[in-house]
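File shown: model-v8.cif (mmCIF, C-alpha atoms (C1' of nucleotides)).
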```cif
data_final
loop_
_atom_site.label_atom_id
_atom_site.label_comp_id
_atom_site.auth_asym_id
_atom_site.auth_seq_id
_atom_site.Cartn_x
_atom_site.Cartn_y
_atom_site.Cartn_z
CA MET B 108 102.12 116.77 81.76
CA LYS B 109 101.90 114.59 84.78
CA SER B 110 99.75 115.15 87.86
CA ALA B 111 99.67 118.91 88.23
CA ASN B 112 98.17 121.37 85.82
CA LEU B 113 100.42 123.93 87.43
CA TYR B 114 102.72 123.44 84.46
CA LYS B 115 100.25 125.28 82.31
CA GLY B 116 101.98 128.39 81.05
CA SER B 117 105.48 127.07 81.81
CA LEU B 118 106.29 125.49 78.48
CA THR B 119 107.73 128.61 76.88
CA THR B 120 109.98 129.18 79.89
CA ILE B 121 111.24 125.61 79.71
CA ILE B 122 111.95 125.72 76.00
CA LEU B 123 113.76 129.04 76.16
CA LYS B 124 115.90 128.02 79.11
CA LEU B 125 116.90 124.70 77.53
CA LEU B 126 117.88 126.50 74.35
CA ASN B 127 119.87 128.97 76.39
CA GLU B 128 121.87 126.08 77.80
CA HIS B 129 122.24 123.97 74.71
CA ASP B 130 122.56 126.46 71.93
CA LYS B 131 120.75 124.29 69.43
CA MET B 132 118.12 121.63 69.90
CA TYR B 133 115.41 119.87 67.94
CA GLY B 134 111.90 119.16 69.14
CA TYR B 135 112.20 115.51 69.93
CA GLU B 136 115.43 116.20 71.78
CA ILE B 137 113.64 118.71 73.99
CA THR B 138 110.99 116.20 74.99
CA GLN B 139 113.67 113.67 75.89
CA ARG B 140 115.84 116.11 77.82
CA VAL B 141 112.91 117.28 79.89
CA LYS B 142 111.87 113.73 80.66
CA GLU B 143 115.45 112.96 81.65
CA ILE B 144 116.05 116.03 83.82
CA THR B 145 112.75 115.66 85.64
CA LYS B 146 113.09 111.88 85.94
CA GLY B 147 109.82 111.38 84.15
CA GLU B 148 107.91 113.89 86.29
CA LEU B 149 107.25 116.07 83.30
CA GLN B 150 106.40 114.67 79.89
CA ILE B 151 106.08 117.33 77.26
CA THR B 152 103.56 116.24 74.66
CA GLU B 153 104.26 116.79 71.00
CA GLY B 154 100.85 118.37 70.54
CA ALA B 155 101.94 121.11 72.91
CA LEU B 156 105.58 121.36 71.92
CA TYR B 157 105.48 121.77 68.16
CA PRO B 158 102.85 124.50 68.00
CA SER B 159 104.73 126.27 70.75
CA LEU B 160 108.00 126.12 68.83
CA HIS B 161 106.27 127.43 65.71
CA LYS B 162 104.85 130.31 67.68
CA LEU B 163 108.21 131.23 69.22
CA GLU B 164 109.74 131.16 65.76
CA ALA B 165 106.96 133.36 64.36
CA GLU B 166 107.58 135.83 67.17
CA GLY B 167 111.24 136.02 66.25
CA LEU B 168 112.53 134.40 69.43
CA LEU B 169 113.88 131.32 67.65
CA ASP B 170 115.72 130.63 64.43
CA VAL B 171 115.40 127.39 62.49
CA GLU B 172 117.92 125.22 60.71
CA PHE B 173 117.21 121.91 58.97
CA VAL B 174 119.74 119.14 59.25
CA ARG B 175 119.56 115.70 57.67
CA VAL B 176 120.79 113.01 60.06
CA ASN B 177 120.65 109.29 59.23
CA ASN B 178 118.40 110.07 56.32
CA ARG B 179 115.91 111.66 58.72
CA LEU B 180 115.18 115.36 58.95
CA ARG B 181 115.79 117.30 62.10
CA LYS B 182 114.58 120.83 62.66
CA TYR B 183 117.04 122.57 64.92
CA TYR B 184 116.02 125.64 66.89
CA LYS B 185 118.26 128.24 68.44
CA LEU B 186 117.67 131.47 70.34
CA THR B 187 117.77 134.77 68.52
CA GLU B 188 119.05 137.83 70.33
CA LEU B 189 115.44 138.71 71.09
CA GLY B 190 114.92 135.18 72.31
CA THR B 191 117.76 135.55 74.78
CA LYS B 192 116.21 138.73 76.13
CA GLU B 193 112.87 137.04 76.49
CA THR B 194 114.57 134.18 78.33
CA VAL B 195 115.71 136.67 80.96
CA ASN B 196 112.15 137.92 81.34
CA LYS B 197 110.64 134.47 81.57
CA LEU B 198 113.11 133.37 84.22
CA ALA B 199 112.37 136.49 86.23
CA GLU B 200 108.66 135.82 85.93
CA LEU B 201 109.20 132.31 87.21
CA GLU B 202 111.05 133.58 90.26
CA ASP B 203 108.29 136.13 90.87
CA TYR B 204 105.71 133.43 90.59
CA ILE B 205 107.50 131.19 93.07
CA ARG B 206 108.02 134.04 95.53
CA THR B 207 104.39 135.10 95.31
CA MET B 208 103.03 131.61 95.68
CA ARG B 209 105.25 130.98 98.68
CA ALA B 210 103.91 134.15 100.29
CA LEU B 211 100.37 132.89 99.77
CA VAL B 212 101.04 129.37 100.88
CA ASN B 213 103.80 129.59 103.45
CA PRO B 214 101.60 129.92 106.54
CA LYS B 215 101.85 126.43 107.91
CA PHE B 216 99.19 123.94 107.03
CA ARG B 217 96.48 123.49 109.62
CA PHE B 218 94.61 120.23 109.97
CA GLU B 219 92.55 121.53 112.87
CA GLU B 220 91.84 124.92 114.34
CA MET G 28 96.38 137.93 86.93
CA LYS G 29 99.25 140.30 86.47
CA SER G 30 102.24 139.88 84.17
CA ALA G 31 102.84 136.16 84.05
CA ASN G 32 100.47 133.52 82.82
CA LEU G 33 102.33 131.12 85.05
CA TYR G 34 99.47 131.57 87.49
CA LYS G 35 97.23 129.55 85.23
CA GLY G 36 96.18 126.51 87.19
CA SER G 37 97.14 128.00 90.55
CA LEU G 38 93.81 129.49 91.53
CA THR G 39 92.43 126.34 93.13
CA THR G 40 95.57 125.94 95.21
CA ILE G 41 95.33 129.53 96.39
CA ILE G 42 91.66 129.29 97.33
CA LEU G 43 92.06 126.02 99.20
CA LYS G 44 95.09 127.21 101.14
CA LEU G 45 93.43 130.47 102.16
CA LEU G 46 90.37 128.59 103.35
CA ASN G 47 92.61 126.24 105.28
CA GLU G 48 94.02 129.22 107.15
CA HIS G 49 90.87 131.22 107.64
CA ASP G 50 88.21 128.62 108.17
CA LYS G 51 85.53 130.65 106.46
CA MET G 52 85.76 133.27 103.74
CA TYR G 53 83.57 134.88 101.13
CA GLY G 54 84.55 135.57 97.55
CA TYR G 55 85.21 139.25 97.73
CA GLU G 56 87.27 138.71 100.86
CA ILE G 57 89.48 136.24 99.00
CA THR G 58 90.22 138.74 96.23
CA GLN G 59 91.18 141.37 98.81
CA ARG G 60 93.33 139.03 100.91
CA VAL G 61 95.27 137.88 97.87
CA LYS G 62 95.84 141.44 96.72
CA GLU G 63 97.01 142.32 100.22
CA ILE G 64 99.32 139.36 100.74
CA THR G 65 100.92 139.73 97.33
CA LYS G 66 101.10 143.52 97.58
CA GLY G 67 99.11 143.88 94.40
CA GLU G 68 101.23 141.42 92.43
CA LEU G 69 98.29 139.09 91.98
CA GLN G 70 94.79 140.38 91.32
CA ILE G 71 92.23 137.61 91.22
CA THR G 72 89.44 138.57 88.88
CA GLU G 73 85.86 137.87 89.80
CA GLY G 74 85.30 136.22 86.44
CA ALA G 75 87.84 133.59 87.44
CA LEU G 76 87.07 133.36 91.13
CA TYR G 77 83.33 132.80 91.25
CA PRO G 78 83.15 130.02 88.67
CA SER G 79 86.08 128.39 90.44
CA LEU G 80 84.31 128.53 93.81
CA HIS G 81 81.18 127.06 92.27
CA LYS G 82 83.19 124.23 90.80
CA LEU G 83 84.91 123.43 94.08
CA GLU G 84 81.54 123.40 95.80
CA ALA G 85 80.09 121.09 93.14
CA GLU G 86 83.04 118.75 93.66
CA GLY G 87 82.31 118.61 97.36
CA LEU G 88 85.48 120.39 98.46
CA LEU G 89 83.66 123.42 99.83
CA ASP G 90 80.52 124.01 101.84
CA VAL G 91 78.44 127.17 101.56
CA GLU G 92 76.71 129.32 104.14
CA PHE G 93 74.83 132.54 103.48
CA VAL G 94 75.12 135.36 105.96
CA ARG G 95 73.38 138.72 105.82
CA VAL G 96 75.73 141.53 106.87
CA ASN G 97 74.73 145.20 106.79
CA ASN G 98 71.73 144.31 104.68
CA ARG G 99 74.04 142.74 102.07
CA LEU G 100 74.38 139.05 101.38
CA ARG G 101 77.67 137.23 101.80
CA LYS G 102 78.30 133.71 100.62
CA TYR G 103 80.76 132.12 102.98
CA TYR G 104 82.79 129.11 101.91
CA LYS G 105 84.56 126.61 104.11
CA LEU G 106 86.55 123.46 103.48
CA THR G 107 84.86 120.10 103.73
CA GLU G 108 86.86 117.13 104.96
CA LEU G 109 87.46 116.20 101.34
CA GLY G 110 88.52 119.78 100.69
CA THR G 111 91.15 119.57 103.41
CA LYS G 112 92.54 116.39 101.86
CA GLU G 113 92.66 118.03 98.47
CA THR G 114 94.47 120.99 100.00
CA VAL G 115 97.23 118.63 101.06
CA ASN G 116 97.48 117.32 97.51
CA LYS G 117 97.50 120.74 95.93
CA LEU G 118 100.23 122.00 98.22
CA ALA G 119 102.31 118.93 97.47
CA GLU G 120 101.79 119.50 93.75
CA LEU G 121 102.98 123.07 94.14
CA GLU G 122 106.15 121.94 95.88
CA ASP G 123 106.70 119.32 93.17
CA TYR G 124 106.20 121.95 90.52
CA ILE G 125 108.70 124.31 92.12
CA ARG G 126 111.27 121.56 92.59
CA THR G 127 110.88 120.35 89.02
CA MET G 128 111.05 123.82 87.51
CA ARG G 129 114.16 124.61 89.53
CA ALA G 130 115.77 121.44 88.22
CA LEU G 131 115.02 122.55 84.67
CA VAL G 132 116.06 126.13 85.15
CA ASN G 133 118.79 126.07 87.75
CA PRO G 134 121.76 125.75 85.39
CA LYS G 135 123.02 129.26 85.45
CA PHE G 136 121.93 131.63 82.77
CA ARG G 137 124.36 132.04 79.90
CA PHE G 138 124.53 135.23 77.90
CA GLU G 139 127.37 133.94 75.75
CA GLU G 140 128.93 130.56 75.15
"C1'" DC R 271 72.52 165.65 97.44
"C1'" DT R 272 74.25 163.21 93.73
"C1'" DT R 273 77.98 160.93 91.66
"C1'" DT R 274 81.73 157.95 92.26
"C1'" DT R 275 83.92 154.23 94.65
"C1'" DA R 276 83.65 150.13 97.41
"C1'" DT R 277 81.30 146.01 98.53
"C1'" DG R 278 79.21 141.64 96.89
"C1'" DC R 279 77.65 138.13 93.70
"C1'" DA R 280 77.02 136.27 88.97
"C1'" DT R 281 77.37 134.85 84.03
"C1'" DA R 282 78.61 134.85 79.08
"C1'" DA R 283 81.78 135.45 75.07
"C1'" DG R 284 86.20 135.03 73.61
"C1'" DA R 285 91.23 134.01 74.04
"C1'" DA R 286 95.09 131.10 75.14
"C1'" DA R 287 97.44 126.95 76.32
"C1'" DT R 288 97.20 122.31 76.54
"C1'" DT R 289 95.37 117.35 75.96
"C1'" DT R 290 94.01 113.82 73.15
"C1'" DA R 291 93.84 111.80 68.87
"C1'" DT R 292 95.59 111.24 64.59
"C1'" DG R 293 98.72 111.10 60.47
"C1'" DT R 294 103.11 110.37 57.99
"C1'" DA R 295 107.75 108.36 57.56
"C1'" DT R 296 112.28 106.10 58.58
"C1'" DA R 297 115.45 103.40 61.84
"C1'" DT R 298 116.18 100.16 65.17
"C1'" DT R 299 115.19 96.47 68.10
"C1'" DT R 300 112.76 92.24 69.24
"C1'" DA H 127 107.82 90.45 60.71
"C1'" DA H 128 106.25 93.26 64.21
"C1'" DA H 129 106.95 96.46 67.63
"C1'" DT H 130 109.31 100.36 69.37
"C1'" DA H 131 111.98 104.58 68.88
"C1'" DT H 132 112.88 108.58 66.30
"C1'" DA H 133 111.01 112.89 64.10
"C1'" DC H 134 107.71 116.16 62.65
"C1'" DA H 135 102.90 117.92 62.19
"C1'" DT H 136 97.97 119.31 62.73
"C1'" DA H 137 93.08 119.37 64.24
"C1'" DA H 138 89.29 118.88 67.64
"C1'" DA H 139 88.11 119.27 72.17
"C1'" DT H 140 89.00 120.75 76.89
"C1'" DT H 141 90.49 123.67 80.62
"C1'" DT H 142 91.35 127.94 82.56
"C1'" DC H 143 91.30 132.44 82.46
"C1'" DT H 144 90.27 137.47 80.68
"C1'" DT H 145 87.22 140.82 79.42
"C1'" DA H 146 82.82 142.61 79.47
"C1'" DT H 147 78.63 142.95 81.43
"C1'" DG H 148 74.72 142.97 84.79
"C1'" DC H 149 72.42 143.69 89.24
"C1'" DA H 150 72.26 145.69 93.92
"C1'" DT H 151 73.45 148.19 98.37
"C1'" DA H 152 76.73 151.13 101.27
"C1'" DA H 153 79.93 154.59 101.91
"C1'" DA H 154 82.65 158.41 100.50
"C1'" DA H 155 83.46 162.44 97.85
"C1'" DG H 156 82.28 166.34 95.27
#
```

Please go through the file and, once you have read it, give me the structure as structure tokens.
Amino acid sequence: MKSANLYKGSLTTIILKLLNEHDKMYGYEITQRVKEITKGELQITEGALYPSLHKLEAEGLLDVEFVRVNNRLRKYYKLTELGTKETVNKLAELEDYIRTMRALVNPKFRFEE
Amino acid sequence: MKSANLYKGSLTTIILKLLNEHDKMYGYEITQRVKEITKGELQITEGALYPSLHKLEAEGLLDVEFVRVNNRLRKYYKLTELGTKETVNKLAELEDYIRTMRALVNPKFRFEE
DNA sequence: CTTTTATGCATAAGAAATTTATGTATATTT
DNA sequence: AAATATACATAAATTTCTTATGCATAAAAG
């Protein structure tokens, strides 16, 4: 992911929220959507994405469905009920994070004393 | 750090910004200030803080000064010129992160389709 | 007065998330 | 014919942090 390592820990939140919007997505589609929405700011790497999807599936947050398209195999993911609940939590955590960081960082920047 | 692992990668930003405000702080003071400002939301552990401070010093972002207070030794850190520049970068990265995450997450939450 | 809590620094082992590097395979574009 | 895009996957290494210790003095509590 570009420039900032602040994105560390955000991947699950991003995946869950996208699936909450789109109902059903496959891995490659997620990488492209993120790149599109963030205008290239954030590039999700496959090495991070696929293991993450497998983990979410193993935890029961995602369900899988295989679909053959143009003689190629797509693995579609969708939120389970539990996954939807976890999405709520993750979004709340993100808002908490932003609020807390703003509290820590808001005092205006000082270049001199 | 409590609840969310979204804080991963944020420690450097927090340290630099606090030092930008306070000119001169020691490790233990940083943990207490963060706890105070965030009302306990964020507890910086010593196992994370001290190695991080050492790294920032090694990178030339912080200078060190030892001061004996009440027969106990404090290790005060302050920003170098380079450290101040990096603070600017880190704060910009945080704003970028927040803007990007909002773009990804803003579409209102959907509980049903 | 002695035990716990607070102050103050430090490191080491392990866990977790991600990067980087590959690997495979088909479709499309150049 | 070669390069790029689509589509998934894993493994090694790295980064960052948690958890667990360790040492030492000061202050508070019992």

Take chain B, superimpose it onto chain G by least squares using every C-alpha atom paired in sequence order, and output the result as a compact mmCIF listing (two decimals) with C-alpha atoms, in the coordinates of the input.
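Output contents, as saved in superposed17.txt:
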```txt
# COMPACT_ATOMS: atom_id res chain seq x y z
CA MET B 108 96.53 138.13 86.98
CA LYS B 109 99.46 140.41 86.54
CA SER B 110 102.43 139.90 84.23
CA ALA B 111 102.93 136.16 84.22
CA ASN B 112 100.53 133.58 82.92
CA LEU B 113 102.36 131.13 85.14
CA TYR B 114 99.50 131.58 87.59
CA LYS B 115 97.29 129.60 85.29
CA GLY B 116 96.24 126.50 87.17
CA SER B 117 97.15 127.93 90.59
CA LEU B 118 93.81 129.42 91.55
CA THR B 119 92.41 126.28 93.15
CA THR B 120 95.56 125.88 95.24
CA ILE B 121 95.32 129.47 96.42
CA ILE B 122 91.66 129.25 97.34
CA LEU B 123 92.04 125.99 99.22
CA LYS B 124 95.07 127.17 101.16
CA LEU B 125 93.43 130.45 102.17
CA LEU B 126 90.37 128.57 103.37
CA ASN B 127 92.61 126.23 105.30
CA GLU B 128 94.02 129.22 107.15
CA HIS B 129 90.88 131.23 107.64
CA ASP B 130 88.22 128.65 108.18
CA LYS B 131 85.54 130.68 106.46
CA MET B 132 85.77 133.29 103.75
CA TYR B 133 83.60 134.91 101.11
CA GLY B 134 84.58 135.57 97.52
CA TYR B 135 85.25 139.25 97.69
CA GLU B 136 87.30 138.71 100.82
CA ILE B 137 89.50 136.23 98.97
CA THR B 138 90.25 138.70 96.21
CA GLN B 139 91.21 141.33 98.77
CA ARG B 140 93.35 139.02 100.89
CA VAL B 141 95.29 137.84 97.87
CA LYS B 142 95.87 141.39 96.70
CA GLU B 143 97.03 142.29 100.20
CA ILE B 144 99.34 139.31 100.75
CA THR B 145 100.96 139.66 97.35
CA LYS B 146 101.14 143.45 97.58
CA GLY B 147 99.15 143.81 94.40
CA GLU B 148 101.27 141.32 92.44
CA LEU B 149 98.33 139.02 92.00
CA GLN B 150 94.83 140.28 91.31
CA ILE B 151 92.29 137.52 91.21
CA THR B 152 89.51 138.45 88.81
CA GLU B 153 85.92 137.80 89.73
CA GLY B 154 85.33 136.11 86.39
CA ALA B 155 87.85 133.49 87.41
CA LEU B 156 87.08 133.30 91.11
CA TYR B 157 83.33 132.75 91.23
CA PRO B 158 83.13 129.95 88.68
CA SER B 159 86.04 128.33 90.45
CA LEU B 160 84.30 128.50 93.81
CA HIS B 161 81.14 127.04 92.30
CA LYS B 162 83.13 124.19 90.84
CA LEU B 163 84.89 123.41 94.13
CA GLU B 164 81.52 123.40 95.85
CA ALA B 165 80.04 121.08 93.21
CA GLU B 166 82.97 118.73 93.73
CA GLY B 167 82.27 118.60 97.44
CA LEU B 168 85.45 120.37 98.50
CA LEU B 169 83.64 123.42 99.88
CA ASP B 170 80.50 124.04 101.88
CA VAL B 171 78.43 127.20 101.59
CA GLU B 172 76.72 129.38 104.15
CA PHE B 173 74.82 132.60 103.46
CA VAL B 174 75.14 135.45 105.91
CA ARG B 175 73.43 138.82 105.73
CA VAL B 176 75.79 141.63 106.76
CA ASN B 177 74.82 145.31 106.57
CA ASN B 178 71.82 144.37 104.51
CA ARG B 179 74.13 142.80 101.93
CA LEU B 180 74.45 139.09 101.28
CA ARG B 181 77.70 137.28 101.76
CA LYS B 182 78.32 133.74 100.60
CA TYR B 183 80.77 132.15 102.97
CA TYR B 184 82.79 129.12 101.92
CA LYS B 185 84.56 126.64 104.13
CA LEU B 186 86.54 123.46 103.51
CA THR B 187 84.85 120.10 103.79
CA GLU B 188 86.84 117.14 105.04
CA LEU B 189 87.43 116.20 101.42
CA GLY B 190 88.49 119.75 100.74
CA THR B 191 91.12 119.54 103.45
CA LYS B 192 92.50 116.37 101.90
CA GLU B 193 92.61 117.98 98.51
CA THR B 194 94.44 120.95 100.03
CA VAL B 195 97.22 118.58 101.08
CA ASN B 196 97.44 117.25 97.53
CA LYS B 197 97.46 120.67 95.93
CA LEU B 198 100.20 121.93 98.22
CA ALA B 199 102.28 118.86 97.44
CA GLU B 200 101.75 119.42 93.74
CA LEU B 201 102.93 122.99 94.12
CA GLU B 202 106.12 121.87 95.83
CA ASP B 203 106.67 119.27 93.10
CA TYR B 204 106.15 121.89 90.47
CA ILE B 205 108.64 124.26 92.06
CA ARG B 206 111.23 121.52 92.51
CA THR B 207 110.85 120.35 88.93
CA MET B 208 111.01 123.82 87.47
CA ARG B 209 114.11 124.61 89.50
CA ALA B 210 115.75 121.46 88.14
CA LEU B 211 114.99 122.61 84.61
CA VAL B 212 116.01 126.18 85.13
CA ASN B 213 118.73 126.13 87.74
CA PRO B 214 121.71 125.85 85.38
CA LYS B 215 122.96 129.39 85.47
CA PHE B 216 121.85 131.77 82.80
CA ARG B 217 124.26 132.24 79.94
CA PHE B 218 124.39 135.46 77.97
CA GLU B 219 127.21 134.21 75.79
CA GLU B 220 128.76 130.86 75.08
```

Check: Do you have the atom CA of Thr152 of chain B-atom CA of Arg181 of chain B distance handy?
Finding: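 We find that atom CA of Thr152 of chain B and atom CA of Arg181 of chain B lie 17.6 Å from each other.
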
Checklist line | Within 10 Å of DT298 of chain R using all atoms listed in the file, minus same-chain residues under 4 positions, as JSON, numbers by chain | finding: {"H": [130, 131, 132]}

Give me, as a compact mmCIF listing (two decimals) with C-alpha atoms (C1' of nucleotides), in the frame of the given file, the residues of chain R touching chain G, with the criterion being at most 12 Å (counting all atoms listed in the file).
```
# COMPACT_ATOMS: atom_id res chain seq x y z
C1' DA R 276 83.65 150.13 97.41
C1' DT R 277 81.30 146.01 98.53
C1' DG R 278 79.21 141.64 96.89
C1' DC R 279 77.65 138.13 93.70
C1' DA R 280 77.02 136.27 88.97
C1' DT R 281 77.37 134.85 84.03
C1' DA R 282 78.61 134.85 79.08
C1' DA R 283 81.78 135.45 75.07
C1' DA R 286 95.09 131.10 75.14
C1' DA R 287 97.44 126.95 76.32
C1' DT R 288 97.20 122.31 76.54
```

Note to self: At a cut-off of 12 Å around the point (108.8, 137.6, 69.3) (file coordinates), what residues fall inside when counting only C-alpha atoms (C1' of nucleotides)? I'd like the answer as a VMD selection string.
What the structure shows: chain B and resid 119 160 to 170 186 to 194

Note to self: Env of Lys117 of chain G: 12 Å cut, atoms = all atoms listed in the file, seq-sep filter 5 positions within chain, self excluded. Answer as a ChimeraX atom specification.
What the structure shows: /B:110-113,212,216 /G:36-44,47,110-112,122-124

Note to self: If the cut-off is 9 Å, can you tell me the residues of chain H near chain B, counting all atoms listed in the file? I'd like them as number ranges by chain.
What the structure shows: H: 132-136

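Of note, atom CA of Met128 of chain G and atom CA of Glu143 of chain B are spaced 13.1 Å apart.
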
Next item on the list: Write out as a ChimeraX atom specification the residues lying within 12 Å of DG284 of chain R, counting all atoms listed in the file and excluding same-chain residues fewer than 5 positions away.
Entry: /H:143-146

Check: Which residue out of B:Asn177, B:Thr145, B:Ser159, B:Gln150 has the minimum interatomic distance to chain G when only C-alpha atoms are used?
Finding: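 Checking each candidate against chain G, we get B:Thr145 as the closest.
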
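Minimum distance to chain G across B:Ala155, B:Val176, B:Val141, B:Met132 (counting only C-alpha atoms) occurs at B:Val141.
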
Notebook entry, point to check: Residues picked by the PyMOL selection byres ((chain R and resi 275) around 9) here, as a count of residues only?
Noted result: 5

Next item on the list: Grab the atom CA of Tyr34 of chain G to atom CA of Leu125 of chain B distance for me, in Å with one decimal place.
Entry: 21.2 Å
